[in-house]
>>> print(open('structure.json').read())   # JSON, C-alpha atoms
[["chain", "number", "residue", "atom", "x", "y", "z"],
["A", 1, "MET", "CA", -1.87, 85.07, 84.61],
["A", 2, "GLU", "CA", -2.34, 83.15, 87.82],
["A", 3, "GLN", "CA", -6.12, 83.16, 87.35],
["A", 4, "ASN", "CA", -5.77, 81.70, 83.86],
["A", 5, "LEU", "CA", -3.40, 79.04, 85.13],
["A", 6, "LEU", "CA", -5.80, 78.16, 87.95],
["A", 7, "ALA", "CA", -8.75, 77.92, 85.55],
["A", 8, "PHE", "CA", -6.72, 75.68, 83.23],
["A", 9, "LEU", "CA", -5.72, 73.38, 86.08],
["A", 10, "ALA", "CA", -9.30, 73.23, 87.35],
["A", 11, "ALA", "CA", -10.59, 72.27, 83.90],
["A", 12, "ALA", "CA", -7.88, 69.63, 83.53],
["A", 13, "LEU", "CA", -8.75, 68.15, 86.93],
["A", 14, "VAL", "CA", -12.44, 68.02, 86.04],
["A", 15, "LEU", "CA", -11.65, 66.18, 82.79],
["A", 16, "VAL", "CA", -9.34, 63.71, 84.54],
["A", 17, "THR", "CA", -11.94, 63.12, 87.26],
["A", 18, "VAL", "CA", -14.67, 62.39, 84.73],
["A", 19, "PHE", "CA", -12.33, 60.04, 82.87],
["A", 20, "LEU", "CA", -11.45, 58.16, 86.04],
["A", 21, "LEU", "CA", -15.10, 57.82, 87.04],
["A", 22, "ILE", "CA", -16.05, 56.43, 83.64],
["A", 23, "MET", "CA", -13.09, 54.07, 83.68],
["A", 24, "ALA", "CA", -13.75, 52.89, 87.23],
["A", 25, "SER", "CA", -17.43, 52.25, 86.52],
["A", 26, "SER", "CA", -16.88, 50.38, 83.27],
["A", 27, "TRP", "CA", -13.55, 48.55, 83.58],
["A", 28, "ARG", "CA", -13.58, 45.18, 85.35],
["A", 29, "GLY", "CA", -10.53, 43.64, 83.80],
["A", 30, "GLU", "CA", -10.46, 40.68, 81.44],
["A", 31, "ASN", "CA", -12.52, 37.71, 82.57],
["A", 32, "PRO", "CA", -11.56, 34.68, 80.45],
["A", 33, "VAL", "CA", -14.67, 32.69, 81.38],
["A", 34, "ARG", "CA", -17.02, 35.53, 80.46],
["A", 35, "ALA", "CA", -15.12, 36.20, 77.24],
["A", 36, "ARG", "CA", -15.39, 32.52, 76.30],
["A", 37, "VAL", "CA", -19.13, 32.48, 77.00],
["A", 38, "ASP", "CA", -19.63, 35.65, 74.92],
["A", 39, "SER", "CA", -17.69, 34.11, 72.05],
["A", 40, "LEU", "CA", -19.81, 30.96, 72.17],
["A", 41, "ILE", "CA", -23.02, 32.99, 72.19],
["A", 42, "SER", "CA", -21.98, 35.21, 69.29],
["A", 43, "GLY", "CA", -20.38, 32.36, 67.34],
["A", 44, "THR", "CA", -17.10, 34.23, 66.94],
["A", 45, "ASN", "CA", -13.89, 34.20, 68.91],
["A", 46, "ARG", "CA", -12.78, 37.63, 70.08],
["A", 47, "GLU", "CA", -9.14, 36.61, 69.77],
["A", 48, "ASP", "CA", -9.64, 35.98, 66.04],
["A", 49, "LEU", "CA", -10.92, 39.48, 65.40],
["A", 50, "PRO", "CA", -8.52, 41.98, 63.82],
["A", 51, "ASP", "CA", -7.09, 44.67, 66.05],
["A", 52, "LEU", "CA", -9.03, 47.52, 64.48],
["A", 53, "ALA", "CA", -12.33, 45.63, 64.93],
["A", 54, "ARG", "CA", -11.94, 45.55, 68.71],
["A", 55, "PRO", "CA", -13.12, 48.42, 70.96],
["A", 56, "PHE", "CA", -10.67, 51.17, 71.80],
["A", 57, "GLY", "CA", -10.76, 50.33, 75.50],
["A", 58, "GLU", "CA", -9.87, 46.71, 74.80],
["A", 59, "ARG", "CA", -7.06, 47.59, 72.39],
["A", 60, "VAL", "CA", -5.43, 50.49, 74.26],
["A", 61, "LEU", "CA", -6.79, 51.12, 77.75],
["A", 62, "GLY", "CA", -7.09, 47.47, 78.75],
["A", 63, "PRO", "CA", -3.44, 46.49, 78.20],
["A", 64, "ALA", "CA", -2.18, 49.75, 79.75],
["A", 65, "LEU", "CA", -4.30, 49.32, 82.87],
["A", 66, "ASP", "CA", -3.41, 45.64, 83.11],
["A", 67, "ALA", "CA", 0.29, 46.57, 83.01],
["A", 68, "VAL", "CA", -0.20, 49.08, 85.82],
["A", 69, "ALA", "CA", -2.18, 46.52, 87.82],
["A", 70, "ASN", "CA", 0.52, 43.88, 87.38],
["A", 71, "ARG", "CA", 3.18, 46.29, 88.62],
["A", 72, "ILE", "CA", 1.12, 47.10, 91.71],
["A", 73, "LEU", "CA", 0.39, 43.42, 92.38],
["A", 74, "ALA", "CA", 4.10, 42.66, 92.22],
["A", 75, "ILE", "CA", 4.97, 45.37, 94.75],
["A", 76, "LEU", "CA", 2.35, 44.83, 97.47],
["A", 77, "PRO", "CA", 2.72, 42.00, 100.02],
["A", 78, "GLN", "CA", 0.47, 38.98, 99.77],
["A", 79, "SER", "CA", -1.29, 39.69, 103.08],
["A", 80, "VAL", "CA", -2.46, 43.09, 101.84],
["A", 81, "LEU", "CA", -3.64, 41.59, 98.56],
["A", 82, "ASP", "CA", -5.57, 38.87, 100.38],
["A", 83, "GLY", "CA", -7.30, 41.46, 102.58],
["A", 84, "VAL", "CA", -8.31, 43.61, 99.62],
["A", 85, "ARG", "CA", -9.46, 40.55, 97.66],
["A", 86, "LYS", "CA", -11.64, 39.43, 100.58],
["A", 87, "ARG", "CA", -13.27, 42.86, 100.85],
["A", 88, "LEU", "CA", -13.92, 42.92, 97.12],
["A", 89, "ILE", "CA", -15.71, 39.59, 97.45],
["A", 90, "LEU", "CA", -17.79, 40.93, 100.34],
["A", 91, "ALA", "CA", -18.67, 43.98, 98.22],
["A", 92, "GLY", "CA", -19.92, 41.82, 95.36],
["A", 93, "GLU", "CA", -16.77, 42.15, 93.23],
["A", 94, "PRO", "CA", -17.48, 45.55, 91.61],
["A", 95, "LEU", "CA", -13.89, 45.39, 90.28],
["A", 96, "ASN", "CA", -11.23, 42.74, 90.18],
["A", 97, "LEU", "CA", -8.17, 43.06, 92.38],
["A", 98, "GLY", "CA", -5.93, 44.64, 89.76],
["A", 99, "GLY", "CA", -8.62, 47.09, 88.69],
["A", 100, "PHE", "CA", -9.28, 48.27, 92.22],
["A", 101, "LEU", "CA", -5.60, 48.76, 92.99],
["A", 102, "THR", "CA", -5.22, 50.68, 89.72],
["A", 103, "VAL", "CA", -8.12, 52.96, 90.70],
["A", 104, "MET", "CA", -6.45, 53.57, 94.07],
["A", 105, "ALA", "CA", -3.16, 54.48, 92.38],
["A", 106, "LEU", "CA", -4.86, 56.80, 89.89],
["A", 107, "SER", "CA", -6.88, 58.43, 92.66],
["A", 108, "ALA", "CA", -3.69, 59.08, 94.66],
["A", 109, "GLY", "CA", -2.01, 60.54, 91.57],
["A", 110, "LEU", "CA", -5.02, 62.77, 90.90],
["A", 111, "PHE", "CA", -4.92, 64.19, 94.42],
["A", 112, "VAL", "CA", -1.17, 64.77, 94.14],
["A", 113, "VAL", "CA", -1.82, 66.76, 90.95],
["A", 114, "LEU", "CA", -4.47, 68.69, 92.86],
["A", 115, "GLY", "CA", -1.90, 69.49, 95.55],
["A", 116, "VAL", "CA", 0.57, 70.72, 92.92],
["A", 117, "ALA", "CA", -2.16, 72.90, 91.42],
["A", 118, "LEU", "CA", -2.95, 74.40, 94.82],
["A", 119, "VAL", "CA", 0.70, 75.16, 95.47],
["A", 120, "VAL", "CA", 1.13, 76.79, 92.06],
["A", 121, "ALA", "CA", -2.07, 78.78, 92.47],
["A", 122, "ALA", "CA", -0.96, 80.00, 95.91],
["A", 123, "GLY", "CA", 2.29, 81.23, 94.39],
["A", 124, "GLY", "CA", 4.48, 79.43, 96.92],
["A", 125, "GLY", "CA", 7.46, 77.27, 96.22],
["A", 126, "PHE", "CA", 7.76, 73.55, 96.80],
["A", 127, "GLN", "CA", 8.92, 73.84, 100.37],
["A", 128, "ALA", "CA", 8.45, 71.45, 103.26],
["A", 129, "LYS", "CA", 4.87, 72.56, 103.96],
["A", 130, "ALA", "CA", 3.90, 72.27, 100.30],
["A", 131, "LEU", "CA", 5.40, 68.80, 100.07],
["A", 132, "LEU", "CA", 3.57, 67.81, 103.25],
["A", 133, "VAL", "CA", 0.28, 69.01, 101.75],
["A", 134, "MET", "CA", 0.88, 67.01, 98.57],
["A", 135, "VAL", "CA", 1.75, 63.88, 100.55],
["A", 136, "ALA", "CA", -1.40, 64.31, 102.67],
["A", 137, "LEU", "CA", -3.56, 64.76, 99.57],
["A", 138, "GLY", "CA", -1.94, 61.72, 97.98],
["A", 139, "GLY", "CA", -2.72, 59.65, 101.07],
["A", 140, "ALA", "CA", -6.31, 60.91, 101.02],
["A", 141, "GLY", "CA", -6.65, 59.89, 97.38],
["A", 142, "LEU", "CA", -5.24, 56.49, 98.21],
["A", 143, "VAL", "CA", -7.65, 55.93, 101.08],
["A", 144, "LEU", "CA", -10.86, 57.24, 99.47],
["A", 145, "PRO", "CA", -11.45, 54.17, 97.21],
["A", 146, "TYR", "CA", -10.91, 51.94, 100.23],
["A", 147, "PHE", "CA", -13.53, 53.87, 102.21],
["A", 148, "TRP", "CA", -15.87, 53.57, 99.24],
["A", 149, "LEU", "CA", -15.34, 49.81, 99.26],
["A", 150, "ILE", "CA", -16.04, 49.56, 103.00],
["A", 151, "ASN", "CA", -19.21, 51.63, 102.58],
["A", 152, "ARG", "CA", -20.33, 49.39, 99.72],
["A", 153, "ILE", "CA", -19.80, 46.30, 101.91],
["A", 154, "ARG", "CA", -21.91, 47.78, 104.71],
["A", 155, "ARG", "CA", -24.75, 48.78, 102.39],
["A", 156, "ARG", "CA", -24.73, 45.38, 100.70],
["A", 157, "GLN", "CA", -24.76, 43.51, 104.01],
["A", 158, "SER", "CA", -27.57, 45.74, 105.27],
["A", 159, "VAL", "CA", -29.68, 44.89, 102.21],
["A", 160, "ILE", "CA", -28.98, 41.18, 102.68],
["A", 161, "ILE", "CA", -29.87, 41.30, 106.39],
["A", 162, "LYS", "CA", -33.19, 43.00, 105.64],
["A", 163, "SER", "CA", -34.12, 40.39, 103.03],
["A", 164, "LEU", "CA", -33.18, 37.31, 105.09],
["A", 165, "PRO", "CA", -36.30, 36.85, 107.29],
["A", 166, "ASP", "CA", -38.79, 37.02, 104.41],
["A", 167, "SER", "CA", -36.57, 34.90, 102.18],
["A", 168, "PHE", "CA", -36.19, 32.09, 104.68],
["A", 169, "ASP", "CA", -39.87, 32.24, 105.58],
["A", 170, "LEU", "CA", -40.47, 31.45, 101.91],
["A", 171, "VAL", "CA", -37.87, 28.66, 102.04],
["A", 172, "THR", "CA", -39.58, 27.18, 105.09],
["A", 173, "THR", "CA", -43.00, 27.34, 103.45],
["A", 174, "CYS", "CA", -41.73, 25.66, 100.28],
["A", 175, "VAL", "CA", -39.94, 22.87, 102.19],
["A", 176, "GLU", "CA", -42.98, 22.19, 104.38],
["A", 177, "ALA", "CA", -45.12, 22.11, 101.22],
["A", 178, "GLY", "CA", -43.03, 19.23, 99.88],
["A", 179, "LEU", "CA", -40.25, 20.83, 97.83],
["A", 180, "GLY", "CA", -36.64, 19.88, 98.29],
["A", 181, "LEU", "CA", -34.15, 22.32, 99.74],
["A", 182, "ASP", "CA", -32.53, 23.07, 96.38],
["A", 183, "ALA", "CA", -35.90, 23.67, 94.73],
["A", 184, "ALA", "CA", -36.97, 25.92, 97.62],
["A", 185, "LEU", "CA", -33.77, 27.96, 97.35],
["A", 186, "ALA", "CA", -34.27, 28.23, 93.59],
["A", 187, "ARG", "CA", -37.79, 29.54, 94.16],
["A", 188, "VAL", "CA", -36.43, 32.18, 96.56],
["A", 189, "ALA", "CA", -33.78, 33.18, 94.02],
["A", 190, "GLU", "CA", -36.56, 33.74, 91.49],
["A", 191, "LYS", "CA", -38.90, 35.70, 93.76],
["A", 192, "VAL", "CA", -36.45, 37.82, 95.79],
["A", 193, "GLN", "CA", -34.55, 40.75, 94.32],
["A", 194, "GLY", "CA", -31.17, 42.06, 95.42],
["A", 195, "PRO", "CA", -27.67, 40.83, 96.24],
["A", 196, "PHE", "CA", -28.88, 37.88, 98.30],
["A", 197, "ALA", "CA", -30.78, 36.48, 95.31],
["A", 198, "GLU", "CA", -27.68, 36.90, 93.14],
["A", 199, "GLU", "CA", -25.46, 35.07, 95.62],
["A", 200, "LEU", "CA", -28.07, 32.36, 96.06],
["A", 201, "SER", "CA", -28.30, 31.86, 92.29],
["A", 202, "ARG", "CA", -24.54, 31.54, 92.13],
["A", 203, "THR", "CA", -24.63, 28.91, 94.88],
["A", 204, "LEU", "CA", -27.30, 26.92, 93.07],
["A", 205, "ARG", "CA", -25.27, 27.03, 89.85],
["A", 206, "GLU", "CA", -22.27, 25.65, 91.71],
["A", 207, "VAL", "CA", -24.40, 22.85, 93.16],
["A", 208, "GLY", "CA", -25.76, 22.10, 89.70],
["A", 209, "MET", "CA", -22.21, 21.82, 88.37],
["A", 210, "GLY", "CA", -21.45, 19.05, 90.86],
["A", 211, "ARG", "CA", -20.18, 20.83, 93.94],
["A", 212, "MET", "CA", -21.31, 19.57, 97.32],
["A", 213, "ARG", "CA", -24.21, 21.59, 98.69],
["A", 214, "ARG", "CA", -22.57, 21.85, 102.09],
["A", 215, "ASP", "CA", -19.46, 23.51, 100.67],
["A", 216, "ALA", "CA", -21.48, 25.79, 98.38],
["A", 217, "LEU", "CA", -23.68, 26.98, 101.25],
["A", 218, "GLN", "CA", -20.69, 27.61, 103.51],
["A", 219, "GLU", "CA", -19.01, 29.63, 100.79],
["A", 220, "LEU", "CA", -22.27, 31.58, 100.42],
["A", 221, "GLY", "CA", -21.96, 32.68, 104.03],
["A", 222, "GLU", "CA", -18.29, 33.59, 103.57],
["A", 223, "ARG", "CA", -18.99, 35.66, 100.43],
["A", 224, "THR", "CA", -21.61, 37.76, 102.19],
["A", 225, "GLY", "CA", -20.03, 38.03, 105.64],
["A", 226, "VAL", "CA", -23.48, 38.25, 107.30],
["A", 227, "ALA", "CA", -23.51, 36.58, 110.71],
["A", 228, "ASP", "CA", -27.20, 35.63, 110.54],
["A", 229, "LEU", "CA", -26.74, 33.90, 107.20],
["A", 230, "ILE", "CA", -23.64, 32.06, 108.42],
["A", 231, "THR", "CA", -25.57, 30.81, 111.46],
["A", 232, "PHE", "CA", -28.45, 29.70, 109.24],
["A", 233, "VAL", "CA", -26.12, 27.84, 106.87],
["A", 234, "ASN", "CA", -24.31, 26.11, 109.72],
["A", 235, "ALA", "CA", -27.64, 24.97, 111.20],
["A", 236, "VAL", "CA", -28.82, 23.54, 107.86],
["A", 237, "VAL", "CA", -25.50, 21.77, 107.25],
["A", 238, "GLN", "CA", -25.52, 20.31, 110.76],
["A", 239, "ALA", "CA", -29.11, 19.15, 110.31],
["A", 240, "GLU", "CA", -28.18, 17.30, 107.12],
["A", 241, "GLN", "CA", -25.19, 15.67, 108.77],
["A", 242, "MET", "CA", -27.15, 14.60, 111.86],
["A", 243, "GLY", "CA", -30.19, 13.43, 109.91],
["A", 244, "THR", "CA", -32.55, 15.92, 111.53],
["A", 245, "GLY", "CA", -35.61, 17.15, 109.63],
["A", 246, "VAL", "CA", -34.65, 20.20, 107.59],
["A", 247, "GLY", "CA", -38.16, 21.66, 107.80],
["A", 248, "GLN", "CA", -38.06, 21.89, 111.59],
["A", 249, "VAL", "CA", -34.59, 23.49, 111.54],
["A", 250, "LEU", "CA", -35.74, 26.01, 108.93],
["A", 251, "ARG", "CA", -38.75, 26.91, 111.05],
["A", 252, "VAL", "CA", -36.62, 27.52, 114.15],
["A", 253, "GLN", "CA", -34.02, 29.53, 112.22],
["A", 254, "SER", "CA", -36.70, 31.65, 110.55],
["A", 255, "GLU", "CA", -38.16, 32.52, 113.94],
["A", 256, "GLN", "CA", -34.70, 33.43, 115.21],
["A", 257, "LEU", "CA", -34.13, 35.69, 112.19],
["A", 258, "ARG", "CA", -37.41, 37.51, 112.80],
["A", 259, "LEU", "CA", -36.53, 37.87, 116.48],
["A", 260, "ARG", "CA", -33.14, 39.35, 115.66],
["A", 261, "ARG", "CA", -34.73, 41.74, 113.17],
["A", 262, "ARG", "CA", -37.11, 42.94, 115.88],
["A", 263, "GLN", "CA", -34.24, 43.36, 118.31],
["A", 264, "ARG", "CA", -32.26, 45.41, 115.77],
["A", 265, "ALA", "CA", -35.30, 47.64, 115.24],
["A", 266, "GLU", "CA", -35.66, 48.14, 119.00],
["A", 267, "GLU", "CA", -31.96, 48.92, 119.29],
["A", 268, "MET", "CA", -32.22, 51.58, 116.57],
["A", 269, "ALA", "CA", -35.29, 53.04, 118.29],
["A", 270, "ASN", "CA", -33.40, 53.25, 121.60],
["A", 271, "GLN", "CA", -30.50, 55.02, 119.88],
["A", 272, "ALA", "CA", -32.77, 57.67, 118.35],
["A", 273, "PRO", "CA", -33.04, 59.91, 121.50],
["A", 274, "VAL", "CA", -29.26, 59.94, 121.87],
["A", 275, "LYS", "CA", -28.75, 60.85, 118.22],
["A", 276, "MET", "CA", -31.34, 63.64, 118.51],
["A", 277, "VAL", "CA", -29.27, 65.40, 121.18],
["A", 278, "PHE", "CA", -26.75, 66.76, 118.65],
["A", 279, "PRO", "CA", -29.31, 68.46, 116.33],
["A", 280, "LEU", "CA", -31.07, 69.86, 119.39],
["A", 281, "VAL", "CA", -27.90, 71.32, 120.86],
["A", 282, "LEU", "CA", -26.45, 72.61, 117.58],
["A", 283, "CYS", "CA", -29.57, 73.82, 115.77],
["A", 284, "ILE", "CA", -32.64, 74.21, 117.96],
["A", 285, "PHE", "CA", -31.24, 75.45, 121.29],
["A", 286, "PRO", "CA", -29.28, 78.42, 119.82],
["A", 287, "THR", "CA", -32.38, 79.59, 117.95],
["A", 288, "LEU", "CA", -34.50, 79.14, 121.07],
["A", 289, "PHE", "CA", -32.05, 81.14, 123.19],
["A", 290, "LEU", "CA", -31.98, 83.87, 120.56],
["A", 291, "VAL", "CA", -35.77, 84.15, 120.53],
["A", 292, "ILE", "CA", -36.04, 84.14, 124.34],
["A", 293, "LEU", "CA", -33.03, 86.28, 125.28],
["A", 294, "GLY", "CA", -33.05, 88.53, 122.21],
["A", 295, "PRO", "CA", -35.72, 91.01, 123.44],
["A", 296, "ALA", "CA", -34.16, 91.10, 126.91],
["A", 297, "GLY", "CA", -30.76, 91.86, 125.39],
["A", 298, "ILE", "CA", -32.23, 94.67, 123.28],
["A", 299, "THR", "CA", -33.91, 96.15, 126.34],
["A", 300, "VAL", "CA", -30.68, 96.04, 128.38],
["A", 301, "TYR", "CA", -28.75, 97.60, 125.50],
["A", 302, "GLU", "CA", -31.25, 100.46, 125.16],
["A", 303, "SER", "CA", -31.19, 101.10, 128.92],
["A", 304, "PHE", "CA", -27.38, 101.40, 128.88],
["A", 305, "MET", "CA", -27.44, 103.69, 125.84],
["A", 306, "LYS", "CA", -29.73, 106.11, 127.66]]
>>> encode(input="structure.json", output="structure tokens")
Amino acid sequence: MEQNLLAFLAAALVLVTVFLLIMASSWRGENPVRARVDSLISGTNREDLPDLARPFGERVLGPALDAVANRILAILPQSVLDGVRKRLILAGEPLNLGGFLTVMALSAGLFVVLGVALVVAAGGGFQAKALLVMVALGGAGLVLPYFWLINRIRRRQSVIIKSLPDSFDLVTTCVEAGLGLDAALARVAEKVQGPFAEELSRTLREVGMGRMRRDALQELGERTGVADLITFVNAVVQAEQMGTGVGQVLRVQSEQLRLRRRQRAEEMANQAPVKMVFPLVLCIFPTLFLVILGPAGITVYESFMK
């Protein structure tokens, strides 16, 4: 009976996990600007469509998840919301704020259900230890999406840092060849792939809509959180304000970016011997001792047995 109950709970947890993964990967919340653009492209307004003509997720899951997100947003303090919103921007906005908080709440609930299943499978009652286990699992489920977000920020910033020297070498070449700064940045956005090109395209769209280039570039640095890019943007903005030639500033900043890339590579190379100590101690040395001392141990054992 207990085995059947455990199998049922395991199957239910697998189904709930798959559902949450699909929902987390596909649901971004309602974006009114994107919905308006889609309606203009298709020639129809989504709000005018009948209810049954809309997708199931938009009719049922969307309002339910939005209600949960609104409840969570009303409970949490503004400082916490601002911190999460800033990290979502640094991660490239994979979800909106309400969607991410909803995923955190559902993840915590899933781990609590897992704790209940473990307690029931173990045959113990809901005592203090069992409640402590469920609380710990709930906290783990609450923290896991946050760790995923931090990891996504680090990977995204690493990709941006690796693409900066080559990108700004191309910007420098284009500016020295006679192109303007906006045209050079547009050329880089066309040729380079990755998150930096996406952020640069967004900046150029904002400039094209009438925003000051200085403000758009500074916001570009804030959205990525990369120190090298922020330094580059500040140098370009200062050069425009002081009337200095942009081409010369770009050349100097490109050389500094290449120098910092070389220094990071040297730093990683210097860290390699230290990181190799742990595999040597844990994996290679025990095997080496076994090979060297194994025959001697066998000989000593046989001598004592005689």
>>> atom_distance(input="structure.json", atom1="atom CA of Leu170 of chain A", atom2="atom CA of Arg154 of chain A")
24.9 Å
>>> atom_distance(input="structure.json", atom1="atom CA of Gly225 of chain A", atom2="atom CA of Pro77 of chain A")
23.8 Å
>>> closest_residue(input="structure.json", among="A:Val274, A:Glu93, A:Leu250, A:Lys162", to="Arg262 of chain A", atoms="all atoms listed in the file")
A:Lys162
>>> residues_around(input="structure.json", residues="Val237 of chain A", least_positions_apart="3", cutoff="10 Å", atoms="all atoms listed in the file", output="list in words")
Arg213, Arg214, Asp215, Leu217, Gln218, Thr231, Phe232, Val233, Asn234, Glu240, Gln241, Met242, Gly243 and Val246 of chain A
>>> closest_atom_pairs(input="structure.json", of="segment 199-305 of chain A", to="segment 175-193 of chain A", cutoff="7 Å", atoms="only C-alpha atoms", output="CSV")
residue,atom,partner,partner_atom,distance
A:Leu200,CA,A:Ala189,CA,6.1
A:Ser201,CA,A:Ala189,CA,5.9
A:Gly247,CA,A:Glu176,CA,5.9
>>> residues_around(input="structure.json", residues="Ala227 of chain A", least_positions_apart="2", cutoff="12 Å", atoms="all atoms listed in the file", output="ChimeraX atom specification")
/A:157-158,160-161,164,218,220-225,229-234,257,260
>>> closest_residue(input="structure.json", among="A:Gly98, A:Gly92, A:Gly141, A:Gly194", to="Ser167 of chain A", atoms="all atoms listed in the file")
A:Gly194
>>> atom_distance(input="structure.json", atom1="atom CA of Val119 of chain A", atom2="atom CA of Val133 of chain A")
8.8 Å
>>> build_atoms(input="structure.json", residues="segment 268-288 of chain A", atoms="N, CA and C atoms", output="PDB file, keeping the file's coordinate frame")
ATOM      1  N   MET A 268     -32.255  50.312 117.299  1.00  0.00           N
ATOM      2  CA  MET A 268     -32.220  51.580 116.570  1.00  0.00           C
ATOM      3  C   MET A 268     -33.183  52.592 117.177  1.00  0.00           C
ATOM      4  N   ALA A 269     -34.338  52.125 117.655  1.00  0.00           N
ATOM      5  CA  ALA A 269     -35.290  53.040 118.290  1.00  0.00           C
ATOM      6  C   ALA A 269     -34.732  53.585 119.597  1.00  0.00           C
ATOM      7  N   ASN A 270     -34.004  52.771 120.356  1.00  0.00           N
ATOM      8  CA  ASN A 270     -33.400  53.250 121.600  1.00  0.00           C
ATOM      9  C   ASN A 270     -32.246  54.221 121.353  1.00  0.00           C
ATOM     10  N   GLN A 271     -31.589  54.094 120.208  1.00  0.00           N
ATOM     11  CA  GLN A 271     -30.500  55.020 119.880  1.00  0.00           C
ATOM     12  C   GLN A 271     -30.995  56.359 119.362  1.00  0.00           C
ATOM     13  N   ALA A 272     -32.251  56.425 118.942  1.00  0.00           N
ATOM     14  CA  ALA A 272     -32.770  57.670 118.350  1.00  0.00           C
ATOM     15  C   ALA A 272     -32.718  58.855 119.312  1.00  0.00           C
ATOM     16  N   PRO A 273     -33.135  58.739 120.606  1.00  0.00           N
ATOM     17  CA  PRO A 273     -33.040  59.910 121.500  1.00  0.00           C
ATOM     18  C   PRO A 273     -31.617  60.420 121.670  1.00  0.00           C
ATOM     19  N   VAL A 274     -30.652  59.501 121.719  1.00  0.00           N
ATOM     20  CA  VAL A 274     -29.260  59.940 121.870  1.00  0.00           C
ATOM     21  C   VAL A 274     -28.793  60.676 120.619  1.00  0.00           C
ATOM     22  N   LYS A 275     -29.161  60.184 119.454  1.00  0.00           N
ATOM     23  CA  LYS A 275     -28.750  60.850 118.220  1.00  0.00           C
ATOM     24  C   LYS A 275     -29.448  62.188 118.033  1.00  0.00           C
ATOM     25  N   MET A 276     -30.626  62.366 118.639  1.00  0.00           N
ATOM     26  CA  MET A 276     -31.340  63.640 118.510  1.00  0.00           C
ATOM     27  C   MET A 276     -30.749  64.734 119.373  1.00  0.00           C
ATOM     28  N   VAL A 277     -29.869  64.383 120.311  1.00  0.00           N
ATOM     29  CA  VAL A 277     -29.270  65.400 121.180  1.00  0.00           C
ATOM     30  C   VAL A 277     -28.424  66.382 120.377  1.00  0.00           C
ATOM     31  N   PHE A 278     -27.660  65.886 119.405  1.00  0.00           N
ATOM     32  CA  PHE A 278     -26.750  66.760 118.650  1.00  0.00           C
ATOM     33  C   PHE A 278     -27.509  67.776 117.792  1.00  0.00           C
ATOM     34  N   PRO A 279     -28.561  67.412 117.036  1.00  0.00           N
ATOM     35  CA  PRO A 279     -29.310  68.460 116.330  1.00  0.00           C
ATOM     36  C   PRO A 279     -29.978  69.450 117.278  1.00  0.00           C
ATOM     37  N   LEU A 280     -30.448  68.946 118.437  1.00  0.00           N
ATOM     38  CA  LEU A 280     -31.070  69.860 119.390  1.00  0.00           C
ATOM     39  C   LEU A 280     -30.077  70.886 119.905  1.00  0.00           C
ATOM     40  N   VAL A 281     -28.896  70.422 120.284  1.00  0.00           N
ATOM     41  CA  VAL A 281     -27.900  71.320 120.860  1.00  0.00           C
ATOM     42  C   VAL A 281     -27.355  72.284 119.806  1.00  0.00           C
ATOM     43  N   LEU A 282     -27.114  71.800 118.604  1.00  0.00           N
ATOM     44  CA  LEU A 282     -26.450  72.610 117.580  1.00  0.00           C
ATOM     45  C   LEU A 282     -27.402  73.489 116.788  1.00  0.00           C
ATOM     46  N   CYS A 283     -28.654  73.088 116.654  1.00  0.00           N
ATOM     47  CA  CYS A 283     -29.570  73.820 115.770  1.00  0.00           C
ATOM     48  C   CYS A 283     -30.739  74.464 116.513  1.00  0.00           C
ATOM     49  N   ILE A 284     -31.396  73.717 117.365  1.00  0.00           N
ATOM     50  CA  ILE A 284     -32.640  74.210 117.960  1.00  0.00           C
ATOM     51  C   ILE A 284     -32.373  75.094 119.171  1.00  0.00           C
ATOM     52  N   PHE A 285     -31.495  74.680 120.070  1.00  0.00           N
ATOM     53  CA  PHE A 285     -31.240  75.450 121.290  1.00  0.00           C
ATOM     54  C   PHE A 285     -30.696  76.855 121.004  1.00  0.00           C
ATOM     55  N   PRO A 286     -29.721  77.046 120.102  1.00  0.00           N
ATOM     56  CA  PRO A 286     -29.280  78.420 119.820  1.00  0.00           C
ATOM     57  C   PRO A 286     -30.399  79.318 119.308  1.00  0.00           C
ATOM     58  N   THR A 287     -31.253  78.791 118.439  1.00  0.00           N
ATOM     59  CA  THR A 287     -32.380  79.590 117.950  1.00  0.00           C
ATOM     60  C   THR A 287     -33.356  79.901 119.074  1.00  0.00           C
ATOM     61  N   LEU A 288     -33.600  78.923 119.944  1.00  0.00           N
ATOM     62  CA  LEU A 288     -34.500  79.140 121.070  1.00  0.00           C
ATOM     63  C   LEU A 288     -33.955  80.198 122.026  1.00  0.00           C
TER      64      LEU A 288
END
